[in-house]
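Following: one structure in structure tokens, then a few remarks.
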Amino acid sequence: MACPGTFSDEPLTPAGRLFLQSQTNIIIHCILRGKNPIDIDAVKSTLRSSLMVRHPRFCSLLVRDKNGFEHWRKAQVDIDQHVIVIDKRLDKSDNFLDESRRFSSEEGEGDDDDEAAVNQYVADLSVSSPLSTDKPLWEIHILVPHKCAVFRIHHALGDGISLMSMLMASCRRADDADALPRMVPEKSAEFKDGKGRDWFWLFGILWGFLKMVCFTVMFVMEFVVSSLLVCDRKTVISGGEGVELWPRKLATARFLLEDMRVVKKAIPNTTINDVLFGVVSSGLSRYLDHRTPNALHEGLRMTGVAMVNLRPQTGFQDLSQLMKGAAEARWGNKFGLILLPVYFKKAGNNPLEYVKRAKRMVDRKKHSLEAYFSYRIGDLVMSLLGSKVE
């Protein structure tokens with residue numbers, strides 16, 4: 001229930017308003033699986049005293065004024081409306097099992113079958129169940145027989161960095177109930193005092209700045225042209241009219257971090273992100289070659305989009321800093337977009353070539369301000385459409 005009056009209403013940011021448009025209405029789904037059975041009463045009690053329900057975005061309704069502009073309005077949070085409990089076991093088709101099938105399924109069902117059932121549940125949610133505006137835009141679905149919870153949070157509430165930082169701030173370590181989870185320390189640049197700062201050092205700084213300007217101009221022009229004028233060739237992974245209503249299938253894959261580190265070490269100065277981008281490129285190429293053999297020419301370019309955190313500090317953020325409205329690391333959707341080309345290469349090529357190509361492209365993007373300009377262009381466009389900026 002909304003609080004009376006509109007004196008405390010806050011306008012949405014341009015990015016928040018973008019995620020509420022019918023073409024870009026995005027809900028984030030996060031699956032958490034546990035080892036032990038879930039105590040529903042304990043979950044609700046924890047939520048009532050958690051940081052999440054005290055956060056302004058998680059206790060505010062989405063309202064529209066007489067001009068149609070969206071605002072956040074403080075409201076009372078009813079936990080029972082946000083926690084949806086599923087007591088029956090699901091099969092792979094997202095159908096409830098009856099009692100006779102349920103017990104036989106529990107005896108013979110493995111982790112893969114259990115995961116497939118949860119994946120299908122989330123896939124159906126993403127198409128058939130929008131979030132109601134009669135309450136703050138988040139839900140938690142608890143699938144009791146599967147020992148898992150599904151968070152549903154509208155992207156207008158915040159980006160991945162904001163939401164993961166809140167999740168980590170709400171968790172505690174298993175070996176110490178009062179301690180926060182350990183974070184990987186950020187590496188800070190080391191500068192030598194006076195040593196090495198000669199003409200070569202100055203030349204390196206100037207050369208780096210020149211590369212940044214050149215790459216920024218090139219990639220911003222590419223971004224604008226690709227967005228407005230150039231279309232990728234149609235393939236089996238291309239969407240079509242009404243694609244947002246097509247049936248969906250959610251599949252998960254597991255990658256061992258140790259395996260990714262082995263690949264990372266095989267190519268100098270490579271990051272885990274480079275390896276992941278190489279895996280995606282390889283997977284898409286193999287899938288396209290399997291679905292349409294000999295239909296696509298070698299080296300066909302497809303355009304991918306990557307979201308980049310624009311906060312000064314990378315990785316997880318200090319929640320107290322995110323809550324400061326004037327801080328550069330503020331809460332919300334503070335990210336930019338960069339275009340990452342994905343090239344079709346037939347199976348049989350050296351798998352490391354995918355990683356090497358991904359590294360070259362990502363390195364070039366790092367030396368540009370393309371993501372920052374895409375963020376500012378988005379702000380400008382949404383502002384011109386009538387949105388008020390916080």
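How things are named: the first chain in the structure tokens is A, the next is B, and so on; residues count from 1 in each chain; ligands count from 1 in the order shown.
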Pull the strand (DSSP E or B) assignments for stretch 109-256 of chain A out of DSSP run on the backbone, and list those residues as a PyMOL selection string. chain A and resi 138-143+148-154+173+176
Prev. selection, N, CA and C atoms, output as a compact mmCIF listing (two decimals), in the first residue's frame:
```
# COMPACT_ATOMS: atom_id res chain seq x y z
N TRP A 138 9.71 -6.80 -7.03
CA TRP A 138 10.57 -7.94 -6.76
C TRP A 138 9.76 -9.06 -6.12
N GLU A 139 10.21 -10.28 -6.32
CA GLU A 139 9.58 -11.48 -5.73
C GLU A 139 10.65 -12.51 -5.42
N ILE A 140 10.31 -13.42 -4.51
CA ILE A 140 11.17 -14.59 -4.26
C ILE A 140 10.27 -15.83 -4.34
N HIS A 141 10.56 -16.70 -5.29
CA HIS A 141 9.82 -17.95 -5.44
C HIS A 141 10.64 -19.06 -4.77
N ILE A 142 10.04 -19.72 -3.81
CA ILE A 142 10.73 -20.79 -3.09
C ILE A 142 10.16 -22.14 -3.54
N LEU A 143 10.99 -22.92 -4.18
CA LEU A 143 10.61 -24.26 -4.63
C LEU A 143 11.09 -25.25 -3.57
N CYS A 148 15.48 -24.78 -3.51
CA CYS A 148 16.05 -23.62 -4.18
C CYS A 148 15.09 -22.43 -4.12
N ALA A 149 15.64 -21.25 -4.32
CA ALA A 149 14.86 -20.02 -4.35
C ALA A 149 15.19 -19.28 -5.64
N VAL A 150 14.18 -18.65 -6.22
CA VAL A 150 14.33 -17.88 -7.44
C VAL A 150 14.02 -16.41 -7.13
N PHE A 151 15.02 -15.56 -7.23
CA PHE A 151 14.82 -14.12 -7.08
C PHE A 151 14.36 -13.55 -8.41
N ARG A 152 13.31 -12.74 -8.37
CA ARG A 152 12.84 -12.01 -9.55
C ARG A 152 12.89 -10.52 -9.21
N ILE A 153 13.76 -9.79 -9.87
CA ILE A 153 13.96 -8.37 -9.55
C ILE A 153 13.96 -7.59 -10.86
N HIS A 154 13.14 -6.55 -10.91
CA HIS A 154 13.09 -5.76 -12.14
C HIS A 154 14.39 -4.98 -12.31
N ARG A 173 29.22 -15.57 6.56
CA ARG A 173 30.03 -16.76 6.32
C ARG A 173 29.51 -17.95 7.11
N ASP A 176 31.37 -18.30 10.40
CA ASP A 176 31.24 -17.19 11.34
C ASP A 176 29.99 -16.41 10.99
```
Could you write out, as a VMD selection string, all the residues of stretch 120-334 of chain A that DSSP marks as alpha helix (DSSP H)? chain A and resid 120 to 128 160 to 170 199 to 228 257 to 266 272 to 291 319 to 322
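For the pair atom CA of A:Ile40 and atom CA of A:Lys147, the interatomic distance is 11.0 Å.
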Would you mind listing what lies within 6 Å of stretch 299-315 of chain A as a list in words, with only C-alpha atoms counted and same-chain residues fewer than 4 positions away left out?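 The contact residues come out as Asp232, Ala329, Lys334, Phe335, Gly336, Leu337, Ile338, Leu339, Leu340, Pro341, Val342, Tyr343, Phe344 and Lys345 of chain A.
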Could you name the residues that touch A:Leu12 at 6 Å or less, counting only C-alpha atoms, but leaving out those on the same chain fewer than 3 positions away, as a list in words?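 Listed by chain and then number, they are Gly16, Arg17 and His71 of chain A.
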With only C-alpha atoms as the counted atoms, please give the residues lying no more than 12 Å from stretch 25-34 of chain A, apart from itself and same-chain residues fewer than 3 positions off, as a PDB file with N, CA, C and O atoms, in the first residue's frame.
```pdb
ATOM      1  N   ALA A  15      17.932   5.401 -17.376  1.00  0.00           N
ATOM      2  CA  ALA A  15      18.171   3.957 -17.533  1.00  0.00           C
ATOM      3  C   ALA A  15      17.031   3.154 -16.928  1.00  0.00           C
ATOM      4  O   ALA A  15      16.577   2.153 -17.497  1.00  0.00           O
ATOM      5  N   GLY A  16      16.543   3.570 -15.748  1.00  0.00           N
ATOM      6  CA  GLY A  16      15.424   2.876 -15.126  1.00  0.00           C
ATOM      7  C   GLY A  16      14.180   2.943 -15.982  1.00  0.00           C
ATOM      8  O   GLY A  16      13.433   1.956 -16.107  1.00  0.00           O
ATOM      9  N   ARG A  17      13.950   4.095 -16.594  1.00  0.00           N
ATOM     10  CA  ARG A  17      12.784   4.252 -17.466  1.00  0.00           C
ATOM     11  C   ARG A  17      12.918   3.403 -18.719  1.00  0.00           C
ATOM     12  O   ARG A  17      11.932   2.856 -19.226  1.00  0.00           O
ATOM     13  N   LEU A  18      14.146   3.277 -19.226  1.00  0.00           N
ATOM     14  CA  LEU A  18      14.376   2.453 -20.406  1.00  0.00           C
ATOM     15  C   LEU A  18      13.954   1.009 -20.157  1.00  0.00           C
ATOM     16  O   LEU A  18      13.332   0.365 -21.007  1.00  0.00           O
ATOM     17  N   PHE A  19      14.264   0.484 -18.971  1.00  0.00           N
ATOM     18  CA  PHE A  19      13.960  -0.914 -18.665  1.00  0.00           C
ATOM     19  C   PHE A  19      12.473  -1.151 -18.411  1.00  0.00           C
ATOM     20  O   PHE A  19      12.061  -2.290 -18.206  1.00  0.00           O
ATOM     21  N   LEU A  20      11.668  -0.089 -18.402  1.00  0.00           N
ATOM     22  CA  LEU A  20      10.228  -0.243 -18.242  1.00  0.00           C
ATOM     23  C   LEU A  20       9.475  -0.150 -19.568  1.00  0.00           C
ATOM     24  O   LEU A  20       8.265  -0.334 -19.604  1.00  0.00           O
ATOM     25  N   GLN A  21      10.195   0.167 -20.656  1.00  0.00           N
ATOM     26  CA  GLN A  21       9.550   0.207 -21.955  1.00  0.00           C
ATOM     27  C   GLN A  21       9.168  -1.201 -22.391  1.00  0.00           C
ATOM     28  O   GLN A  21       9.810  -2.180 -22.031  1.00  0.00           O
ATOM     29  N   SER A  22       8.110  -1.307 -23.182  1.00  0.00           N
ATOM     30  CA  SER A  22       7.612  -2.629 -23.585  1.00  0.00           C
ATOM     31  C   SER A  22       8.662  -3.423 -24.373  1.00  0.00           C
ATOM     32  O   SER A  22       8.735  -4.649 -24.274  1.00  0.00           O
ATOM     33  N   PRO A  37      16.971 -28.429   3.520  1.00  0.00           N
ATOM     34  CA  PRO A  37      15.591 -27.978   3.277  1.00  0.00           C
ATOM     35  C   PRO A  37      15.402 -26.520   3.714  1.00  0.00           C
ATOM     36  O   PRO A  37      16.058 -26.039   4.635  1.00  0.00           O
ATOM     37  N   ILE A  38      14.499 -25.818   3.026  1.00  0.00           N
ATOM     38  CA  ILE A  38      14.274 -24.394   3.278  1.00  0.00           C
ATOM     39  C   ILE A  38      13.168 -24.216   4.311  1.00  0.00           C
ATOM     40  O   ILE A  38      12.070 -24.774   4.169  1.00  0.00           O
ATOM     41  N   ASP A  39      13.453 -23.449   5.358  1.00  0.00           N
ATOM     42  CA  ASP A  39      12.477 -23.116   6.391  1.00  0.00           C
ATOM     43  C   ASP A  39      11.783 -21.817   5.974  1.00  0.00           C
ATOM     44  O   ASP A  39      12.373 -20.735   6.023  1.00  0.00           O
ATOM     45  N   ASP A 111      20.534 -34.869  -9.808  1.00  0.00           N
ATOM     46  CA  ASP A 111      20.717 -33.423  -9.761  1.00  0.00           C
ATOM     47  C   ASP A 111      20.421 -32.781 -11.111  1.00  0.00           C
ATOM     48  O   ASP A 111      19.874 -31.685 -11.177  1.00  0.00           O
ATOM     49  N   ASP A 114      16.686 -32.494 -11.559  1.00  0.00           N
ATOM     50  CA  ASP A 114      16.200 -31.474 -10.646  1.00  0.00           C
ATOM     51  C   ASP A 114      16.515 -30.080 -11.195  1.00  0.00           C
ATOM     52  O   ASP A 114      15.674 -29.177 -11.171  1.00  0.00           O
ATOM     53  N   GLU A 115      17.712 -29.919 -11.700  1.00  0.00           N
ATOM     54  CA  GLU A 115      18.121 -28.632 -12.265  1.00  0.00           C
ATOM     55  C   GLU A 115      17.311 -28.304 -13.510  1.00  0.00           C
ATOM     56  O   GLU A 115      16.929 -27.147 -13.730  1.00  0.00           O
ATOM     57  N   VAL A 118      13.881 -26.911 -12.501  1.00  0.00           N
ATOM     58  CA  VAL A 118      13.958 -25.526 -12.033  1.00  0.00           C
ATOM     59  C   VAL A 118      14.212 -24.581 -13.204  1.00  0.00           C
ATOM     60  O   VAL A 118      13.618 -23.501 -13.301  1.00  0.00           O
ATOM     61  N   ASN A 119      15.084 -24.971 -14.128  1.00  0.00           N
ATOM     62  CA  ASN A 119      15.360 -24.152 -15.301  1.00  0.00           C
ATOM     63  C   ASN A 119      14.100 -23.905 -16.120  1.00  0.00           C
ATOM     64  O   ASN A 119      13.854 -22.791 -16.602  1.00  0.00           O
ATOM     65  N   GLN A 120      13.295 -24.947 -16.304  1.00  0.00           N
ATOM     66  CA  GLN A 120      12.075 -24.797 -17.089  1.00  0.00           C
ATOM     67  C   GLN A 120      11.074 -23.901 -16.363  1.00  0.00           C
ATOM     68  O   GLN A 120      10.340 -23.121 -17.003  1.00  0.00           O
ATOM     69  N   TYR A 121      11.030 -23.988 -15.047  1.00  0.00           N
ATOM     70  CA  TYR A 121      10.148 -23.108 -14.256  1.00  0.00           C
ATOM     71  C   TYR A 121      10.521 -21.645 -14.476  1.00  0.00           C
ATOM     72  O   TYR A 121       9.654 -20.791 -14.699  1.00  0.00           O
ATOM     73  N   VAL A 122      11.814 -21.358 -14.440  1.00  0.00           N
ATOM     74  CA  VAL A 122      12.274 -19.980 -14.637  1.00  0.00           C
ATOM     75  C   VAL A 122      12.035 -19.534 -16.077  1.00  0.00           C
ATOM     76  O   VAL A 122      11.644 -18.384 -16.323  1.00  0.00           O
ATOM     77  N   ALA A 123      12.243 -20.426 -17.041  1.00  0.00           N
ATOM     78  CA  ALA A 123      12.003 -20.084 -18.443  1.00  0.00           C
ATOM     79  C   ALA A 123      10.552 -19.701 -18.674  1.00  0.00           C
ATOM     80  O   ALA A 123      10.254 -18.726 -19.373  1.00  0.00           O
ATOM     81  N   ASP A 124       9.640 -20.431 -18.065  1.00  0.00           N
ATOM     82  CA  ASP A 124       8.217 -20.104 -18.209  1.00  0.00           C
ATOM     83  C   ASP A 124       7.872 -18.795 -17.491  1.00  0.00           C
ATOM     84  O   ASP A 124       7.044 -18.012 -17.973  1.00  0.00           O
ATOM     85  N   LEU A 125       8.499 -18.564 -16.338  1.00  0.00           N
ATOM     86  CA  LEU A 125       8.270 -17.310 -15.619  1.00  0.00           C
ATOM     87  C   LEU A 125       8.657 -16.103 -16.474  1.00  0.00           C
ATOM     88  O   LEU A 125       7.973 -15.077 -16.475  1.00  0.00           O
ATOM     89  N   SER A 126       9.754 -16.235 -17.197  1.00  0.00           N
ATOM     90  CA  SER A 126      10.288 -15.101 -17.953  1.00  0.00           C
ATOM     91  C   SER A 126       9.362 -14.674 -19.083  1.00  0.00           C
ATOM     92  O   SER A 126       9.459 -13.549 -19.571  1.00  0.00           O
ATOM     93  N   VAL A 127       8.451 -15.564 -19.506  1.00  0.00           N
ATOM     94  CA  VAL A 127       7.540 -15.241 -20.598  1.00  0.00           C
ATOM     95  C   VAL A 127       6.136 -14.927 -20.098  1.00  0.00           C
ATOM     96  O   VAL A 127       5.485 -13.998 -20.571  1.00  0.00           O
ATOM     97  N   SER A 128       5.673 -15.680 -19.103  1.00  0.00           N
ATOM     98  CA  SER A 128       4.247 -15.655 -18.765  1.00  0.00           C
ATOM     99  C   SER A 128       3.883 -14.833 -17.540  1.00  0.00           C
ATOM    100  O   SER A 128       2.703 -14.573 -17.315  1.00  0.00           O
ATOM    101  N   SER A 129       4.856 -14.408 -16.735  1.00  0.00           N
ATOM    102  CA  SER A 129       4.511 -13.794 -15.452  1.00  0.00           C
ATOM    103  C   SER A 129       5.234 -12.466 -15.245  1.00  0.00           C
ATOM    104  O   SER A 129       6.323 -12.427 -14.656  1.00  0.00           O
ATOM    105  N   PRO A 130       4.650 -11.356 -15.712  1.00  0.00           N
ATOM    106  CA  PRO A 130       5.257 -10.048 -15.420  1.00  0.00           C
ATOM    107  C   PRO A 130       5.094  -9.699 -13.948  1.00  0.00           C
ATOM    108  O   PRO A 130       4.213 -10.246 -13.258  1.00  0.00           O
ATOM    109  N   LEU A 131       5.922  -8.808 -13.454  1.00  0.00           N
ATOM    110  CA  LEU A 131       5.817  -8.371 -12.064  1.00  0.00           C
ATOM    111  C   LEU A 131       4.676  -7.378 -11.919  1.00  0.00           C
ATOM    112  O   LEU A 131       4.527  -6.455 -12.728  1.00  0.00           O
ATOM    113  N   SER A 132       3.886  -7.548 -10.875  1.00  0.00           N
ATOM    114  CA  SER A 132       2.741  -6.672 -10.637  1.00  0.00           C
ATOM    115  C   SER A 132       3.205  -5.324 -10.096  1.00  0.00           C
ATOM    116  O   SER A 132       4.092  -5.253  -9.248  1.00  0.00           O
ATOM    117  N   LEU A 137       8.729  -3.971  -7.104  1.00  0.00           N
ATOM    118  CA  LEU A 137       8.992  -4.838  -8.259  1.00  0.00           C
ATOM    119  C   LEU A 137      10.025  -5.918  -7.970  1.00  0.00           C
ATOM    120  O   LEU A 137      11.093  -5.984  -8.589  1.00  0.00           O
ATOM    121  N   TRP A 138       9.710  -6.798  -7.032  1.00  0.00           N
ATOM    122  CA  TRP A 138      10.568  -7.944  -6.761  1.00  0.00           C
ATOM    123  C   TRP A 138       9.756  -9.058  -6.124  1.00  0.00           C
ATOM    124  O   TRP A 138       8.724  -8.808  -5.488  1.00  0.00           O
ATOM    125  N   GLU A 139      10.206 -10.281  -6.315  1.00  0.00           N
ATOM    126  CA  GLU A 139       9.581 -11.476  -5.731  1.00  0.00           C
ATOM    127  C   GLU A 139      10.650 -12.507  -5.424  1.00  0.00           C
ATOM    128  O   GLU A 139      11.745 -12.483  -6.018  1.00  0.00           O
ATOM    129  N   ILE A 140      10.314 -13.422  -4.510  1.00  0.00           N
ATOM    130  CA  ILE A 140      11.165 -14.593  -4.260  1.00  0.00           C
ATOM    131  C   ILE A 140      10.274 -15.828  -4.337  1.00  0.00           C
ATOM    132  O   ILE A 140       9.326 -15.968  -3.557  1.00  0.00           O
ATOM    133  N   HIS A 141      10.557 -16.701  -5.290  1.00  0.00           N
ATOM    134  CA  HIS A 141       9.825 -17.954  -5.437  1.00  0.00           C
ATOM    135  C   HIS A 141      10.640 -19.056  -4.769  1.00  0.00           C
ATOM    136  O   HIS A 141      11.801 -19.287  -5.143  1.00  0.00           O
ATOM    137  N   ILE A 142      10.038 -19.723  -3.809  1.00  0.00           N
ATOM    138  CA  ILE A 142      10.726 -20.795  -3.087  1.00  0.00           C
ATOM    139  C   ILE A 142      10.163 -22.140  -3.535  1.00  0.00           C
ATOM    140  O   ILE A 142       8.986 -22.431  -3.323  1.00  0.00           O
ATOM    141  N   LEU A 143      10.991 -22.922  -4.184  1.00  0.00           N
ATOM    142  CA  LEU A 143      10.608 -24.258  -4.634  1.00  0.00           C
ATOM    143  C   LEU A 143      11.085 -25.253  -3.572  1.00  0.00           C
ATOM    144  O   LEU A 143      12.218 -25.734  -3.605  1.00  0.00           O
ATOM    145  N   VAL A 144      10.197 -25.539  -2.634  1.00  0.00           N
ATOM    146  CA  VAL A 144      10.573 -26.301  -1.436  1.00  0.00           C
ATOM    147  C   VAL A 144      11.135 -27.684  -1.772  1.00  0.00           C
ATOM    148  O   VAL A 144      12.206 -28.054  -1.278  1.00  0.00           O
ATOM    149  N   PRO A 145      10.464 -28.506  -2.606  1.00  0.00           N
ATOM    150  CA  PRO A 145      11.014 -29.845  -2.875  1.00  0.00           C
ATOM    151  C   PRO A 145      12.377 -29.816  -3.574  1.00  0.00           C
ATOM    152  O   PRO A 145      13.153 -30.765  -3.465  1.00  0.00           O
ATOM    153  N   HIS A 146      12.653 -28.724  -4.291  1.00  0.00           N
ATOM    154  CA  HIS A 146      13.917 -28.632  -5.036  1.00  0.00           C
ATOM    155  C   HIS A 146      15.002 -27.899  -4.245  1.00  0.00           C
ATOM    156  O   HIS A 146      16.116 -27.723  -4.758  1.00  0.00           O
ATOM    157  N   LYS A 147      14.682 -27.447  -3.041  1.00  0.00           N
ATOM    158  CA  LYS A 147      15.637 -26.766  -2.161  1.00  0.00           C
ATOM    159  C   LYS A 147      16.302 -25.571  -2.846  1.00  0.00           C
ATOM    160  O   LYS A 147      17.517 -25.392  -2.778  1.00  0.00           O
ATOM    161  N   CYS A 148      15.485 -24.778  -3.506  1.00  0.00           N
ATOM    162  CA  CYS A 148      16.050 -23.618  -4.183  1.00  0.00           C
ATOM    163  C   CYS A 148      15.089 -22.433  -4.116  1.00  0.00           C
ATOM    164  O   CYS A 148      13.891 -22.595  -3.853  1.00  0.00           O
ATOM    165  N   ALA A 149      15.644 -21.249  -4.322  1.00  0.00           N
ATOM    166  CA  ALA A 149      14.864 -20.022  -4.353  1.00  0.00           C
ATOM    167  C   ALA A 149      15.187 -19.276  -5.640  1.00  0.00           C
ATOM    168  O   ALA A 149      16.326 -19.282  -6.104  1.00  0.00           O
ATOM    169  N   VAL A 150      14.178 -18.651  -6.216  1.00  0.00           N
ATOM    170  CA  VAL A 150      14.334 -17.876  -7.439  1.00  0.00           C
ATOM    171  C   VAL A 150      14.018 -16.415  -7.134  1.00  0.00           C
ATOM    172  O   VAL A 150      12.886 -16.082  -6.774  1.00  0.00           O
ATOM    173  N   PHE A 151      15.024 -15.561  -7.232  1.00  0.00           N
ATOM    174  CA  PHE A 151      14.823 -14.124  -7.075  1.00  0.00           C
ATOM    175  C   PHE A 151      14.359 -13.551  -8.407  1.00  0.00           C
ATOM    176  O   PHE A 151      14.967 -13.816  -9.455  1.00  0.00           O
ATOM    177  N   ARG A 152      13.306 -12.742  -8.369  1.00  0.00           N
ATOM    178  CA  ARG A 152      12.844 -12.008  -9.553  1.00  0.00           C
ATOM    179  C   ARG A 152      12.890 -10.521  -9.210  1.00  0.00           C
ATOM    180  O   ARG A 152      12.133 -10.037  -8.370  1.00  0.00           O
ATOM    181  N   ILE A 153      13.760  -9.788  -9.867  1.00  0.00           N
ATOM    182  CA  ILE A 153      13.961  -8.374  -9.554  1.00  0.00           C
ATOM    183  C   ILE A 153      13.956  -7.595 -10.856  1.00  0.00           C
ATOM    184  O   ILE A 153      14.682  -7.931 -11.800  1.00  0.00           O
ATOM    185  N   HIS A 154      13.145  -6.552 -10.909  1.00  0.00           N
ATOM    186  CA  HIS A 154      13.089  -5.758 -12.137  1.00  0.00           C
ATOM    187  C   HIS A 154      14.388  -4.976 -12.310  1.00  0.00           C
ATOM    188  O   HIS A 154      14.936  -4.436 -11.350  1.00  0.00           O
ATOM    189  N   HIS A 155      14.862  -4.909 -13.560  1.00  0.00           N
ATOM    190  CA  HIS A 155      16.140  -4.247 -13.838  1.00  0.00           C
ATOM    191  C   HIS A 155      16.078  -2.749 -13.535  1.00  0.00           C
ATOM    192  O   HIS A 155      17.120  -2.102 -13.356  1.00  0.00           O
ATOM    193  N   ALA A 156      14.883  -2.166 -13.475  1.00  0.00           N
ATOM    194  CA  ALA A 156      14.765  -0.749 -13.139  1.00  0.00           C
ATOM    195  C   ALA A 156      15.239  -0.457 -11.721  1.00  0.00           C
ATOM    196  O   ALA A 156      15.596   0.672 -11.399  1.00  0.00           O
ATOM    197  N   LEU A 157      15.271  -1.486 -10.854  1.00  0.00           N
ATOM    198  CA  LEU A 157      15.711  -1.299  -9.474  1.00  0.00           C
ATOM    199  C   LEU A 157      17.223  -1.150  -9.361  1.00  0.00           C
ATOM    200  O   LEU A 157      17.718  -0.555  -8.406  1.00  0.00           O
ATOM    201  N   GLY A 158      17.965  -1.710 -10.287  1.00  0.00           N
ATOM    202  CA  GLY A 158      19.422  -1.626 -10.206  1.00  0.00           C
ATOM    203  C   GLY A 158      20.083  -2.605 -11.151  1.00  0.00           C
ATOM    204  O   GLY A 158      19.437  -3.532 -11.667  1.00  0.00           O
ATOM    205  N   ASP A 159      21.387  -2.407 -11.379  1.00  0.00           N
ATOM    206  CA  ASP A 159      22.135  -3.304 -12.258  1.00  0.00           C
ATOM    207  C   ASP A 159      22.739  -4.454 -11.461  1.00  0.00           C
ATOM    208  O   ASP A 159      22.557  -4.570 -10.245  1.00  0.00           O
ATOM    209  N   GLY A 160      23.466  -5.321 -12.177  1.00  0.00           N
ATOM    210  CA  GLY A 160      24.023  -6.512 -11.533  1.00  0.00           C
ATOM    211  C   GLY A 160      24.989  -6.196 -10.410  1.00  0.00           C
ATOM    212  O   GLY A 160      24.997  -6.878  -9.377  1.00  0.00           O
ATOM    213  N   LEU A 163      22.937  -5.084  -7.312  1.00  0.00           N
ATOM    214  CA  LEU A 163      22.182  -6.178  -6.700  1.00  0.00           C
ATOM    215  C   LEU A 163      23.100  -7.214  -6.062  1.00  0.00           C
ATOM    216  O   LEU A 163      22.825  -7.713  -4.961  1.00  0.00           O
ATOM    217  N   MET A 164      24.216  -7.557  -6.723  1.00  0.00           N
ATOM    218  CA  MET A 164      25.139  -8.518  -6.139  1.00  0.00           C
ATOM    219  C   MET A 164      25.833  -7.946  -4.911  1.00  0.00           C
ATOM    220  O   MET A 164      26.099  -8.672  -3.941  1.00  0.00           O
ATOM    221  N   LEU A 167      23.366  -8.382  -2.178  1.00  0.00           N
ATOM    222  CA  LEU A 167      23.271  -9.791  -1.784  1.00  0.00           C
ATOM    223  C   LEU A 167      24.448 -10.186  -0.902  1.00  0.00           C
ATOM    224  O   LEU A 167      24.276 -10.835   0.138  1.00  0.00           O
ATOM    225  N   GLU A 244       9.665 -11.796 -28.164  1.00  0.00           N
ATOM    226  CA  GLU A 244       9.563 -11.774 -26.699  1.00  0.00           C
ATOM    227  C   GLU A 244       8.500 -12.722 -26.174  1.00  0.00           C
ATOM    228  O   GLU A 244       8.475 -13.041 -24.978  1.00  0.00           O
ATOM    229  N   LEU A 250      15.630 -22.695 -20.910  1.00  0.00           N
ATOM    230  CA  LEU A 250      16.783 -22.271 -20.122  1.00  0.00           C
ATOM    231  C   LEU A 250      17.676 -23.480 -19.871  1.00  0.00           C
ATOM    232  O   LEU A 250      17.229 -24.502 -19.368  1.00  0.00           O
ATOM    233  N   THR A 252      21.694 -24.674 -18.469  1.00  0.00           N
ATOM    234  CA  THR A 252      22.863 -24.247 -17.700  1.00  0.00           C
ATOM    235  C   THR A 252      24.047 -25.135 -18.033  1.00  0.00           C
ATOM    236  O   THR A 252      23.887 -26.304 -18.386  1.00  0.00           O
TER     237      THR A 252
END
```
Shell around A:Val77 at 8 Å using only C-alpha atoms, local window under 6 positions removed, as a VMD selection string: chain A and resid 1 53 59 135 to 136
Produce a file of the selected residues containing all heavy atoms, as an mmCIF file, in the first residue's frame.
```
data_model
loop_
_atom_site.group_PDB
_atom_site.id
_atom_site.type_symbol
_atom_site.label_atom_id
_atom_site.label_comp_id
_atom_site.auth_asym_id
_atom_site.auth_seq_id
_atom_site.Cartn_x
_atom_site.Cartn_y
_atom_site.Cartn_z
ATOM 1 N N MET A 1 0.844 -1.189 0.000
ATOM 2 C CA MET A 1 0.000 0.000 0.000
ATOM 3 C C MET A 1 0.880 1.240 0.000
ATOM 4 O O MET A 1 1.802 1.359 0.800
ATOM 5 C CB MET A 1 -0.910 -0.001 1.231
ATOM 6 C CG MET A 1 -1.846 1.204 1.313
ATOM 7 S SD MET A 1 -2.944 1.079 2.730
ATOM 8 C CE MET A 1 -3.885 2.567 2.513
ATOM 9 N N VAL A 53 14.707 -5.013 2.324
ATOM 10 C CA VAL A 53 13.396 -4.383 2.465
ATOM 11 C C VAL A 53 13.495 -2.973 3.033
ATOM 12 O O VAL A 53 12.507 -2.245 3.035
ATOM 13 C CB VAL A 53 12.471 -5.243 3.346
ATOM 14 C CG1 VAL A 53 12.206 -6.585 2.695
ATOM 15 C CG2 VAL A 53 13.038 -5.428 4.746
ATOM 16 N N CYS A 59 11.281 -0.966 -1.376
ATOM 17 C CA CYS A 59 10.056 -0.679 -0.618
ATOM 18 C C CYS A 59 9.297 0.482 -1.258
ATOM 19 O O CYS A 59 8.638 1.257 -0.572
ATOM 20 C CB CYS A 59 10.366 -0.397 0.847
ATOM 21 S SG CYS A 59 11.424 1.036 1.131
ATOM 22 N N LYS A 135 2.753 -3.808 -6.070
ATOM 23 C CA LYS A 135 3.726 -3.985 -4.993
ATOM 24 C C LYS A 135 5.095 -3.637 -5.552
ATOM 25 O O LYS A 135 5.266 -3.540 -6.774
ATOM 26 C CB LYS A 135 3.691 -5.426 -4.477
ATOM 27 C CG LYS A 135 4.011 -6.466 -5.550
ATOM 28 C CD LYS A 135 3.826 -7.890 -5.040
ATOM 29 C CE LYS A 135 4.168 -8.902 -6.138
ATOM 30 N NZ LYS A 135 3.936 -10.297 -5.700
ATOM 31 N N PRO A 136 6.098 -3.427 -4.684
ATOM 32 C CA PRO A 136 7.469 -3.208 -5.196
ATOM 33 C C PRO A 136 7.889 -4.312 -6.154
ATOM 34 O O PRO A 136 7.487 -5.474 -6.002
ATOM 35 C CB PRO A 136 8.308 -3.195 -3.917
ATOM 36 C CG PRO A 136 7.366 -2.674 -2.865
ATOM 37 C CD PRO A 136 6.021 -3.249 -3.216
#
```
Find the residues around stretch 274-279 of chain A up to 7 Å (only C-alpha atoms counted), leave out those fewer than 6 positions away in its own chain, and share them as an NGL selection string. :A and (260 or 264 or 354-355 or 358-359)
Using Å and a single decimal, report how far atom CA of A:Thr235 sits from atom CA of A:Ser285.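 These two atoms are separated by 11.4 Å.
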